[in-house]
Structures are given as C-alpha cells and as structure tokens.
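Have a look at query-v8.csv below; it lists CSV, C-alpha atoms and all ligand atoms.
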chain,number,residue,atom,x,y,z
W,2,MET,CA,20.4,-9.5,-16.3
W,3,THR,CA,18.8,-8.5,-13.0
W,4,ASP,CA,19.2,-11.0,-10.2
W,5,LEU,CA,15.7,-10.8,-8.7
W,6,SER,CA,16.6,-12.8,-5.6
W,7,LEU,CA,18.6,-9.7,-4.4
W,8,TYR,CA,15.3,-7.7,-4.1
W,9,GLN,CA,12.3,-7.8,-1.9
W,10,LEU,CA,8.7,-7.5,-2.9
W,11,HIS,CA,6.2,-5.9,-0.5
W,12,PHE,CA,2.4,-5.8,-0.8
W,13,ALA,CA,1.4,-2.1,-0.7
W,14,PRO,CA,-1.6,-1.6,1.5
W,15,LEU,CA,-5.0,-0.9,-0.1
W,16,GLN,CA,-7.7,0.4,2.2
W,17,GLY,CA,-10.9,-1.6,1.5
W,18,TYR,CA,-9.1,-4.5,0.0
W,19,THR,CA,-6.1,-5.8,1.9
W,20,ASP,CA,-7.6,-6.5,5.3
W,21,ARG,CA,-6.7,-9.3,7.6
W,22,ILE,CA,-8.9,-11.9,5.9
W,23,PHE,CA,-7.6,-10.9,2.5
W,24,ARG,CA,-3.9,-11.0,3.6
W,25,ASN,CA,-4.2,-14.4,5.3
W,26,ALA,CA,-6.0,-16.0,2.3
W,27,PHE,CA,-3.5,-14.4,-0.2
W,28,ASP,CA,-0.5,-15.6,1.8
W,29,ARG,CA,-1.8,-19.2,2.0
W,30,CYS,CA,-2.9,-19.4,-1.6
W,31,PHE,CA,-0.2,-17.4,-3.4
W,32,GLY,CA,2.7,-16.2,-1.2
W,33,GLY,CA,5.9,-14.7,-2.5
W,34,VAL,CA,5.4,-11.5,-0.5
W,35,ASP,CA,8.2,-10.5,1.9
W,36,ALA,CA,6.1,-8.1,3.9
W,37,TYR,CA,2.4,-7.0,4.1
W,38,TYR,CA,1.2,-3.7,5.4
W,39,THR,CA,-2.1,-3.0,7.0
W,40,PRO,CA,-4.2,-0.2,5.5
W,41,PHE,CA,-3.6,3.0,7.5
W,42,ILE,CA,-4.8,3.2,11.1
W,43,ARG,CA,-5.6,6.7,12.4
W,44,VAL,CA,-7.0,8.6,15.3
W,45,GLU,CA,-10.7,9.5,14.9
W,46,LYS,CA,-12.3,11.8,17.4
W,47,GLY,CA,-9.5,11.1,19.9
W,48,THR,CA,-9.8,7.3,19.7
W,49,PHE,CA,-9.4,4.3,17.4
W,50,ARG,CA,-11.8,2.7,15.0
W,51,ASN,CA,-12.9,-0.8,16.0
W,52,ARG,CA,-12.3,-2.2,12.5
W,53,ASP,CA,-8.7,-0.9,12.7
W,54,LEU,CA,-8.2,-2.6,16.0
W,55,ARG,CA,-9.6,-5.9,14.6
W,56,ASP,CA,-7.2,-5.6,11.7
W,57,ILE,CA,-4.1,-5.6,13.9
W,58,ASP,CA,-5.2,-8.3,16.3
W,59,PRO,CA,-2.1,-10.5,16.5
W,60,GLN,CA,-4.2,-13.5,17.5
W,61,SER,CA,-5.9,-13.6,14.1
W,62,GLU,CA,-2.9,-12.8,11.9
W,63,GLN,CA,-1.2,-15.6,10.1
W,64,VAL,CA,1.2,-13.8,7.7
W,65,GLU,CA,4.8,-13.9,8.9
W,66,HIS,CA,5.8,-10.3,8.4
W,67,LEU,CA,3.0,-7.8,8.9
W,68,VAL,CA,3.7,-4.1,9.3
W,69,PRO,CA,0.9,-2.0,10.8
W,70,GLN,CA,0.7,1.4,9.1
W,71,ILE,CA,-0.3,4.6,10.9
W,72,LEU,CA,-1.4,7.9,9.6
W,73,PRO,CA,-0.7,10.6,12.3
W,74,GLY,CA,-1.7,14.2,11.9
W,75,SER,CA,0.3,15.5,14.9
W,76,ALA,CA,3.1,14.4,17.3
W,77,GLU,CA,0.4,13.6,19.9
W,78,GLU,CA,-1.5,11.3,17.4
W,79,CYS,CA,1.9,9.8,16.4
W,80,ARG,CA,2.6,8.8,20.0
W,81,MET,CA,-0.9,7.5,20.5
W,82,LEU,CA,-0.7,5.3,17.4
W,83,ILE,CA,2.8,4.0,18.2
W,84,ASP,CA,1.7,3.1,21.8
W,85,LEU,CA,-1.3,1.3,20.4
W,86,ILE,CA,0.7,-0.8,17.9
W,87,GLN,CA,3.4,-1.5,20.4
W,88,SER,CA,0.8,-2.7,23.0
W,89,GLU,CA,-0.3,-5.3,20.5
W,90,GLY,CA,3.3,-6.6,20.4
W,91,TYR,CA,4.5,-5.3,17.0
W,92,LYS,CA,8.1,-4.2,16.5
W,93,THR,CA,7.7,-2.6,13.1
W,94,ILE,CA,5.6,0.4,12.1
W,95,ASP,CA,5.1,2.2,8.8
W,96,ILE,CA,4.1,5.8,8.6
W,97,ASN,CA,1.8,7.1,5.9
W,98,LEU,CA,2.8,10.4,4.1
W,99,GLY,CA,1.1,9.4,0.9
W,100,CYS,CA,-2.7,9.3,1.3
W,101,PRO,CA,-4.3,11.7,-1.2
W,102,PHE,CA,-7.9,11.4,0.0
W,103,PRO,CA,-9.2,15.1,0.2
W,104,LEU,CA,-10.6,14.6,3.7
W,105,ILE,CA,-7.2,13.5,4.9
W,106,ALA,CA,-4.8,15.6,2.7
W,107,GLY,CA,-6.9,18.7,3.3
W,108,LYS,CA,-6.1,18.4,7.0
W,109,ARG,CA,-2.3,18.3,6.2
W,110,LYS,CA,-2.2,14.6,6.8
W,111,GLY,CA,-0.9,11.9,4.5
W,112,ALA,CA,0.4,13.4,1.3
W,113,GLY,CA,-1.1,16.7,2.4
W,114,MET,CA,1.7,17.0,4.9
W,115,LEU,CA,4.5,16.8,2.2
W,116,PRO,CA,4.6,20.6,1.4
W,117,TYR,CA,5.3,21.4,5.1
W,118,PRO,CA,8.8,20.1,6.1
W,119,GLU,CA,8.6,21.6,9.6
W,120,LEU,CA,5.3,19.9,10.3
W,121,VAL,CA,6.7,16.6,9.1
W,122,GLU,CA,9.7,17.0,11.4
W,123,GLU,CA,7.4,17.8,14.4
W,124,VAL,CA,4.9,15.0,13.7
W,125,LEU,CA,7.7,12.4,13.4
W,126,SER,CA,9.7,13.8,16.4
W,127,PRO,CA,8.3,11.0,18.8
W,128,LEU,CA,10.1,8.3,16.8
W,129,GLU,CA,13.3,8.9,18.7
W,130,ALA,CA,11.6,7.8,22.0
W,131,TYR,CA,11.0,4.3,20.6
W,132,PRO,CA,14.4,2.8,19.9
W,133,GLU,CA,13.0,-0.7,20.1
W,134,ILE,CA,10.6,-0.1,17.1
W,135,ASP,CA,11.7,-0.2,13.5
W,136,PHE,CA,10.0,2.6,11.6
W,137,SER,CA,9.6,2.9,7.8
W,138,LEU,CA,7.8,5.6,5.7
W,139,LYS,CA,5.5,5.5,2.7
W,140,MET,CA,5.3,8.7,0.8
W,141,ARG,CA,4.8,10.4,-2.6
W,142,LEU,CA,7.1,12.7,-4.5
W,143,GLY,CA,5.1,15.6,-3.2
W,144,TRP,CA,1.5,17.0,-3.0
W,145,GLU,CA,1.6,19.6,-5.7
W,146,ASN,CA,5.2,19.4,-7.0
W,147,VAL,CA,7.9,16.8,-7.2
W,148,SER,CA,10.4,19.2,-5.7
W,149,GLU,CA,8.6,18.7,-2.3
W,150,CYS,CA,10.3,15.4,-1.6
W,151,MET,CA,13.7,17.0,-2.2
W,152,ASP,CA,12.9,19.7,0.4
W,153,LEU,CA,12.3,16.8,2.9
W,154,VAL,CA,15.4,14.7,2.1
W,155,THR,CA,17.6,16.4,4.8
W,156,ILE,CA,15.0,15.8,7.5
W,157,LEU,CA,14.3,12.3,6.5
W,158,ASN,CA,18.0,11.4,6.3
W,159,CYS,CA,18.3,12.3,10.0
W,160,LEU,CA,15.5,9.9,11.0
W,161,ARG,CA,16.1,6.3,12.0
W,162,LEU,CA,14.2,4.5,9.3
W,163,THR,CA,14.6,1.0,7.9
W,164,HIS,CA,13.4,2.1,4.5
W,165,ILE,CA,11.2,4.5,2.5
W,166,THR,CA,8.6,3.4,0.0
W,167,ILE,CA,8.0,6.0,-2.7
W,168,HIS,CA,4.8,6.0,-4.7
W,169,ALA,CA,6.2,7.9,-7.7
W,170,ARG,CA,3.4,10.3,-8.2
W,171,ILE,CA,2.3,13.6,-6.5
W,172,GLY,CA,-0.8,13.6,-4.3
W,173,LYS,CA,-2.9,15.7,-6.6
W,174,GLN,CA,-2.7,12.9,-9.2
W,175,GLN,CA,-4.5,10.6,-6.7
W,176,TYR,CA,-4.0,7.1,-8.4
W,177,LYS,CA,-4.1,8.2,-12.0
W,178,GLY,CA,-1.8,9.8,-14.6
W,179,LYS,CA,1.8,8.8,-15.3
W,180,THR,CA,4.2,7.8,-12.6
W,181,ASN,CA,7.4,9.8,-12.6
W,182,PRO,CA,10.5,7.6,-12.3
W,183,GLU,CA,12.8,10.5,-13.4
W,184,ALA,CA,11.7,12.7,-10.5
W,185,PHE,CA,12.1,9.6,-8.3
W,186,ARG,CA,15.7,9.4,-9.5
W,187,GLN,CA,16.6,12.7,-7.8
W,188,PHE,CA,15.3,11.4,-4.4
W,189,TYR,CA,17.0,8.0,-5.0
W,190,GLU,CA,20.3,9.7,-5.4
W,191,SER,CA,19.9,11.9,-2.3
W,192,SER,CA,18.3,9.5,0.2
W,193,ARG,CA,20.5,7.6,2.6
W,194,HIS,CA,17.7,5.1,3.4
W,195,PRO,CA,17.0,1.9,1.5
W,196,LEU,CA,14.2,2.6,-1.0
W,197,PHE,CA,11.2,0.6,-2.4
W,198,TYR,CA,9.8,1.9,-5.6
W,199,ASN,CA,5.9,1.8,-5.9
W,200,GLY,CA,3.4,2.7,-8.6
W,201,ASP,CA,1.9,0.9,-11.6
W,202,LEU,CA,4.1,-2.2,-11.5
W,203,CYS,CA,1.7,-4.7,-13.1
W,204,THR,CA,4.0,-7.3,-14.7
W,205,ILE,CA,7.3,-9.0,-13.9
W,206,GLU,CA,8.8,-7.2,-16.9
W,207,GLU,CA,7.8,-3.8,-15.4
W,208,ILE,CA,9.4,-4.7,-12.1
W,209,LYS,CA,12.6,-5.9,-13.8
W,210,LYS,CA,12.8,-2.6,-15.7
W,211,ILE,CA,12.6,-0.5,-12.6
W,212,LEU,CA,15.2,-2.7,-10.8
W,213,LEU,CA,17.5,-2.4,-13.8
W,214,ASP,CA,17.1,1.4,-13.8
W,215,PHE,CA,17.5,1.7,-10.1
W,216,PRO,CA,19.7,-1.2,-9.0
W,217,ALA,CA,20.3,0.2,-5.5
W,218,LEU,CA,16.7,-0.2,-4.6
W,219,ARG,CA,15.9,-2.6,-1.7
W,220,GLY,CA,12.9,-3.8,-3.7
W,221,VAL,CA,9.5,-2.8,-5.0
W,222,ALA,CA,6.0,-2.5,-3.4
W,223,VAL,CA,3.1,-3.6,-5.5
W,224,GLY,CA,-0.6,-2.9,-4.8
W,225,ARG,CA,-3.1,-3.1,-7.6
W,226,GLY,CA,-0.8,-5.3,-9.7
W,227,LEU,CA,-1.1,-8.0,-7.0
W,228,LEU,CA,-4.9,-7.6,-6.8
W,229,SER,CA,-5.2,-8.3,-10.5
W,230,SER,CA,-2.3,-10.8,-10.9
W,231,PRO,CA,-2.0,-12.5,-7.5
W,232,LEU,CA,0.6,-15.0,-8.6
W,233,MET,CA,3.1,-12.3,-9.7
W,234,ALA,CA,4.8,-12.2,-6.3
W,235,LYS,CA,5.4,-15.9,-6.3
W,236,GLU,CA,6.7,-15.8,-9.9
W,237,PHE,CA,9.0,-12.9,-8.9
W,238,GLN,CA,10.3,-14.8,-5.8
W,239,LYS,CA,10.8,-18.2,-7.4
W,240,ASN,CA,11.4,-17.0,-11.0
W,241,GLU,CA,8.9,-19.6,-12.2
W,242,THR,CA,5.7,-19.5,-14.1
W,243,PHE,CA,2.4,-21.3,-13.6
W,244,SER,CA,0.3,-23.0,-16.2
W,245,GLU,CA,-3.2,-21.6,-16.9
W,246,LYS,CA,-4.7,-24.6,-15.2
W,247,GLU,CA,-2.6,-24.2,-12.0
W,248,CYS,CA,-3.4,-20.4,-11.9
W,249,MET,CA,-7.1,-21.0,-12.2
W,250,ALA,CA,-7.1,-23.7,-9.5
W,251,LEU,CA,-5.2,-21.3,-7.1
W,252,TYR,CA,-7.5,-18.3,-8.0
W,253,PHE,CA,-10.5,-20.4,-7.3
W,254,SER,CA,-9.3,-21.7,-3.9
W,255,PHE,CA,-8.4,-18.1,-3.0
W,256,HIS,CA,-11.8,-16.9,-3.9
W,257,GLU,CA,-13.5,-19.7,-1.9
W,258,GLU,CA,-11.4,-19.0,1.1
W,259,LEU,CA,-12.3,-15.3,1.0
W,260,PHE,CA,-16.0,-16.1,0.5
W,261,SER,CA,-16.1,-18.5,3.4
W,262,ALA,CA,-14.1,-16.2,5.8
W,263,TYR,CA,-16.2,-13.1,4.9
W,264,SER,CA,-19.4,-15.0,5.2
W,265,GLU,CA,-18.4,-15.9,8.8
W,266,ARG,CA,-17.5,-12.3,9.6
W,267,LEU,CA,-20.1,-10.2,7.8
W,268,GLU,CA,-23.7,-10.1,8.9
W,269,GLY,CA,-26.2,-10.5,6.1
W,270,ASP,CA,-26.0,-11.4,2.4
W,271,SER,CA,-25.9,-7.8,1.2
W,272,HIS,CA,-22.6,-7.1,3.1
W,273,LEU,CA,-21.1,-10.3,1.8
W,274,LEU,CA,-22.2,-9.6,-1.7
W,275,MET,CA,-20.8,-6.1,-1.5
W,276,LYS,CA,-17.5,-7.3,-0.2
W,277,MET,CA,-17.1,-10.0,-2.8
W,278,LYS,CA,-18.0,-7.6,-5.6
W,279,THR,CA,-15.2,-5.3,-4.4
W,280,LEU,CA,-12.7,-8.1,-5.0
W,281,TRP,CA,-13.6,-8.1,-8.7
W,282,ASP,CA,-12.8,-4.3,-9.1
W,283,TYR,CA,-9.3,-5.6,-9.8
W,284,PHE,CA,-9.2,-9.4,-9.6
W,285,LEU,CA,-8.5,-11.2,-12.9
W,286,PRO,CA,-9.1,-8.4,-15.4
W,287,GLU,CA,-8.9,-10.8,-18.3
W,288,THR,CA,-12.2,-12.3,-17.2
W,289,ASP,CA,-15.0,-12.2,-19.8
W,290,ARG,CA,-16.5,-8.7,-19.6
W,291,LYS,CA,-20.1,-10.0,-19.7
W,292,CYS,CA,-19.3,-12.1,-16.6
W,293,LEU,CA,-17.8,-9.2,-14.8
W,294,LYS,CA,-20.8,-7.1,-15.6
W,295,LYS,CA,-23.1,-9.9,-14.2
W,296,ILE,CA,-21.0,-10.0,-11.0
W,297,LYS,CA,-21.5,-6.2,-10.5
W,298,LYS,CA,-25.2,-6.6,-11.1
W,299,ALA,CA,-25.8,-9.7,-9.0
W,300,THR,CA,-28.6,-9.1,-6.5
W,301,THR,CA,-28.3,-12.4,-4.5
W,302,VAL,CA,-25.5,-14.5,-3.1
W,303,SER,CA,-26.8,-17.6,-5.1
W,304,LEU,CA,-26.7,-15.7,-8.3
W,305,TYR,CA,-23.2,-14.5,-7.5
W,306,ARG,CA,-22.1,-18.1,-6.8
W,307,GLN,CA,-23.6,-19.2,-10.2
W,308,ILE,CA,-21.5,-16.5,-12.1
W,309,VAL,CA,-18.4,-17.5,-10.2
W,310,LYS,CA,-18.9,-21.1,-11.3
W,311,GLU,CA,-19.2,-19.9,-14.9
W,312,ILE,CA,-16.0,-17.9,-14.6
W,313,PHE,CA,-14.1,-20.9,-13.3
W,314,CYS,CA,-15.8,-23.2,-15.8
W,315,LEU,CA,-17.2,-25.5,-13.0
P,1,LIG,C1,-8.3,1.9,-3.0
P,1,LIG,C2,-6.9,2.2,-2.5
P,1,LIG,C3,-6.6,2.2,-1.2
P,1,LIG,C4,-5.3,2.5,-0.7
P,1,LIG,N1,-5.0,2.5,0.6
P,1,LIG,C5,-3.7,2.8,1.1
P,1,LIG,C6,-3.4,2.8,2.4
P,1,LIG,O1,-4.2,2.5,3.3
P,1,LIG,N2,-2.1,3.1,2.8
P,1,LIG,C7,-1.2,3.4,1.8
P,1,LIG,O2,0.0,3.6,2.2
P,1,LIG,N3,-1.5,3.4,0.5
P,1,LIG,C8,-2.7,3.1,0.1
P,1,LIG,N4,-3.0,3.1,-1.2
P,1,LIG,C9,-1.9,3.3,-2.2
P,1,LIG,C10,-1.2,2.0,-2.6
P,1,LIG,O3,-0.6,1.4,-1.5
P,1,LIG,C11,-0.2,2.3,-3.7
P,1,LIG,O4,0.8,3.2,-3.2
P,1,LIG,C12,-0.8,2.8,-5.0
P,1,LIG,O5,-2.0,2.2,-5.3
P,1,LIG,C13,0.2,2.7,-6.1
P,1,LIG,O6,0.7,1.4,-6.2
P,1,LIG,P1,0.0,0.4,-7.3
P,1,LIG,O7,0.0,1.0,-8.6
P,1,LIG,O8,1.0,-0.8,-7.2
P,1,LIG,O9,-1.3,0.1,-6.8
P,1,LIG,C14,-4.3,2.8,-1.7
P,1,LIG,C15,-4.6,2.8,-3.0
P,1,LIG,C16,-5.8,2.5,-3.5
P,1,LIG,C17,-6.1,2.4,-5.0
Show me, as structure tokens, the structure contained in the file I just sent.
Amino acid sequence: MTDLSLYQLHFAPLQGYTDRIFRNAFDRCFGGVDAYYTPFIRVEKGTFRNRDLRDIDPQSEQVEHLVPQILPGSAEECRMLIDLIQSEGYKTIDINLGCPFPLIAGKRKGAGMLPYPELVEEVLSPLEAYPEIDFSLKMRLGWENVSECMDLVTILNCLRLTHITIHARIGKQQYKGKTNPEAFRQFYESSRHPLFYNGDLCTIEEIKKILLDFPALRGVAVGRGLLSSPLMAKEFQKNETFSEKECMALYFSFHEELFSAYSERLEGDSHLLMKMKTLWDYFLPETDRKCLKKIKKATTVSLYRQIVKEIFCL
C-alpha cells in the first residue's frame, strides 16, 4: 500500500483559472495543497503585464507556499523576470518549458524550446547568479518527440533545481490525447532531480497508481482534476472522505467567496458573468447538464444567481 503522507501534492497552474482570487478562496475552503504556482509571467514588448504584477503582489496573497512561474524566451528575459520576482520578496521561482500555445511555442518559448538543448542551456544560464533563489522547472516530454526530454537530461542534471514537474505529454498534443507514463519512466530513471508527475490525474485512485508505479517521485501536480474535484487534495492529504452534504456546503462557500471577490475586482456585470462562467468549464462536472447549459447561456447576473441556487438546491 502506498503511504500518501510521504508525497506532496502541488496545484498545477492554469492561466485564466488559478489567479490570486481563486487560489486564496481555494486554500481557505478546501486546502490540502502543498504548493500553488502562479500562471506564467512573461515579458511582453520589453515590459510586464499589469495583471501579472497584480497576481504576484505579496500583500494580497494568503496561501502559504506560492511559487511564481516565469516563461523566459532568452537569457535577458530570464534575468528580467527573476529580478522582478525577487524584488517582490519571493525565494522560489518555477520556469515554464511546457506551454504549447502556438503564439508562444512558435517563438521557441515554453514547450517550443524543448527541441533546442543549446537554447535551453543559454536561457537558463542566469540561474547560477541567484544562489539565494530556489528554482524549479515545469516541462513536457518534448515538443514533437518524447526523445527530446532525454536529450535535455544532461543539461538539466547540471542545473541547481529543487524539482522538475513533468506534464507527461508532448507539446503538439496540447492538452489532449493520452499521457505517456512509459516515456516518462525513461526520464524518471535518468534525472537526478526530485520529480513531480503531472497530467490527467483526476481521482485519488489515479494518483495512487502513479505513485505505486513511480515510488521515487516527490509527488504529483494536479491541474484540471482540482478544478473539477476541489476536495481531492484534502482527501489526499488527510486520507479522509467527505459526505455529499459536506462537499456541497464547501463547494457553495467557495463559489460565494469567488463571486464576491470577483465582483469587487471586476468592473461591470458582463466581466463578472464571464469570469464566473469560466469556473464552470471544469467545476463539478457531475452537475445536471441542463443547469450547466443554462449557466453558459445566462445573460444577466441575477439569472446566473438563480441557476446557482438551483444547482445547490437552495
Ligand atoms: C487553460 C490552461 C491553462 C494553463 N496554464 C498553464 C500555465 O500558466 N503554466 C503552466 O505551467 N501550465 C499551464 N497549464 C498546464 C497545466 O498546469 C497542466 O500541466 C496540464 O493541464 C496537465 O495537467 P492536468 O491534467 O492535471 O490539468 C495550463 C493548462 C490549461 C488547460
């Protein structure tokens, strides 16, 4: 039997979903997560986006262990991003080599950098100059081919990293198609760094199976599985289950906290409505399909509130 307490569970970042408001509400209502990551922060036209800066503002952050994630395309951008994060007082930084969005990957950034080991080495060369920062990496098995991660192993083994999170797909798959634990095994056997497995872990059983197959993992990173089953992390951490009634009460208070925080931050009902609808892309997929359809079609906040009441039987 796998002793789950030996392993960590990280919340994989999801651009558009796991922003500061979401993380804070999630942590208060559900918890069970050892570390959260921000969605990636990048340099755009030589500077930083305001919403990225807002998302790493330490004054507004309430989760205990937040790791800002950066997506550098060059050594210069890498330095700029590290300096920015460091100036906000953070001591841990995650580096994204996994983003498959065509506009990013096409510029040899994110997962698009994986086929070019020399570029990876050059872009990550500034890390040495920041001994006080703990760096980690999030990457895929490759862009086009799973052999690409093996071509990178020697370079990565020479870097000072606390861990590597591997999304066990190639970039060209985006977020679909099968994950490839067997190709991951090769990397697992060659990497000297502690590893986190990531990709399509949606139940505790699936997490247990991965930990059984790869017992030397440091843990797992879960993204969409936590958007749809937010109590999974707590169940993993405490090895306990919640009754249907307890679950629904927690889901509702989470929803209300998000609604209230987003209505304070976003201007106008249409922005609020759009943001809340996004939540339901993944949240509680067992919800009656008709209700989910009505959510997607809701044109006013009051209509939206009415459907939410129906879902939570209030
Ligand atoms: C909409 C969306 C946004 C994402 N944004 C990020 C991101 O900003 N940084 C990152 O490293 N991964 C990002 N990912 C990838 C997830 O962190 C994760 O690696 C992937 O979804 C597979 O894990 P999962 O099946 O547990 O979701 C994103 C994924 C999705 C679907």
Counting all atoms listed in the file, which protein, DNA or RNA residues come within 7 Å of ligand LIG 1 (chain P), given as a list of chain:residue names? W:Ala13, W:Pro14, W:Leu15, W:Gln16, W:Gly17, W:Thr39, W:Pro40, W:Phe41, W:Asn97, W:Gly99, W:Cys100, W:Lys139, W:His168, W:Tyr176, W:Asn199, W:Gly200, W:Asp201, W:Leu202, W:Ala222, W:Val223, W:Gly224, W:Arg225, W:Gly226
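As for atom CA of W:Ser229 and atom CA of W:Leu280, they are spaced 9.3 Å apart.
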Computed interatomic separation between atom CA of W:Met81 and atom CA of W:Lys110 (Å):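 Distance reported for this atom pair: 15.5 Å.
Atom to atom, atom CA of W:Lys297 and atom CA of W:Lys278 stand 6.2 Å apart.
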Please provide as a VMD selection string all residues within 10 Å of W:Leu128, with the sequence filter that same-chain residues fewer than 6 positions apart are discarded (counting all atoms listed in the file). chain W and resid 76 79 to 80 83 134 to 136 160 to 162
Residues of stretch 184-222 of chain W within 10 Å of stretch 231-247 of chain W: nearest atom pair and distance (Å, one decimal) for each, counting only C-alpha atoms, sorted by chain and number, as a Markdown table?
| residue | atom | partner | partner_atom | distance |
| --- | --- | --- | --- | --- |
| W:Cys203 | CA | W:Met233 | CA | 8.4 |
| W:Thr204 | CA | W:Met233 | CA | 7.1 |
| W:Ile205 | CA | W:Phe237 | CA | 6.6 |
| W:Glu206 | CA | W:Phe237 | CA | 9.8 |
| W:Ile208 | CA | W:Phe237 | CA | 8.8 |
| W:Lys209 | CA | W:Phe237 | CA | 9.3 |
Given all atoms listed in the file as the counted atoms, nearest of W:Asp20, W:Asp152, W:Glu257, W:Glu311 to W:Leu54: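 Selected residue with least distance to W:Leu54: W:Asp20.
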My list of candidates is W:Leu227, W:Val309, W:Ala184, W:Leu82. Which is closest to W:Phe260 when distances are computed with all atoms listed in the file?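 Checking each candidate against W:Phe260, we get W:Val309 as the closest.
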Determine, counting all atoms listed in the file, which protein, DNA and RNA residues have an atom within 12 Å of an atom of W:Gly178; residues of the same chain fewer than 5 positions away are not included. Present the result as a PyMOL selection string. chain W and resi 169-173+200-201
Considering all atoms listed in the file, return as a PyMOL selection string whatever protein or nucleic-acid residues lie within 7 Å of W:Gly143, sequence-local ones (same chain, fewer than 5 positions apart) excluded. chain W and resi 112+115-116+148-150+171-172
Surrounding residues of W:Gln60 excluding itself and chain neighbours under 5 positions, 12 Å, all atoms listed in the file, as a compact mmCIF listing (two decimals) with C-alpha atoms, in the frame of the given file:
# COMPACT_ATOMS: atom_id res chain seq x y z
CA ARG W 21 -6.70 -9.30 7.60
CA LEU W 54 -8.20 -2.60 16.00
CA ARG W 55 -9.60 -5.90 14.60
CA GLU W 89 -0.30 -5.30 20.50
CA GLY W 90 3.30 -6.60 20.40
CA TYR W 91 4.50 -5.30 17.00
Would you kindly return, as a CSV table (one decimal) with C-alpha atoms, keeping the file's coordinate frame, each protein, DNA or RNA residue with an atom no farther than 12 Å from any atom of W:Asp214, considering all atoms listed in the file and excluding same-chain residues fewer than 5 positions away?
chain,number,residue,atom,x,y,z
W,2,MET,CA,20.4,-9.5,-16.3
W,3,THR,CA,18.8,-8.5,-13.0
W,182,PRO,CA,10.5,7.6,-12.3
W,183,GLU,CA,12.8,10.5,-13.4
W,185,PHE,CA,12.1,9.6,-8.3
W,186,ARG,CA,15.7,9.4,-9.5
W,189,TYR,CA,17.0,8.0,-5.0
W,198,TYR,CA,9.8,1.9,-5.6
W,207,GLU,CA,7.8,-3.8,-15.4
W,208,ILE,CA,9.4,-4.7,-12.1
W,209,LYS,CA,12.6,-5.9,-13.8
Best match for closeness to W:Ile71 among W:Arg52, W:Arg29, W:Arg43, W:His272, counting only C-alpha atoms: W:Arg43
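Using only C-alpha atoms, the nearest neighbour of W:Tyr8 within the list W:Leu251, W:Leu273, W:Val121, W:Val34 is W:Val34.
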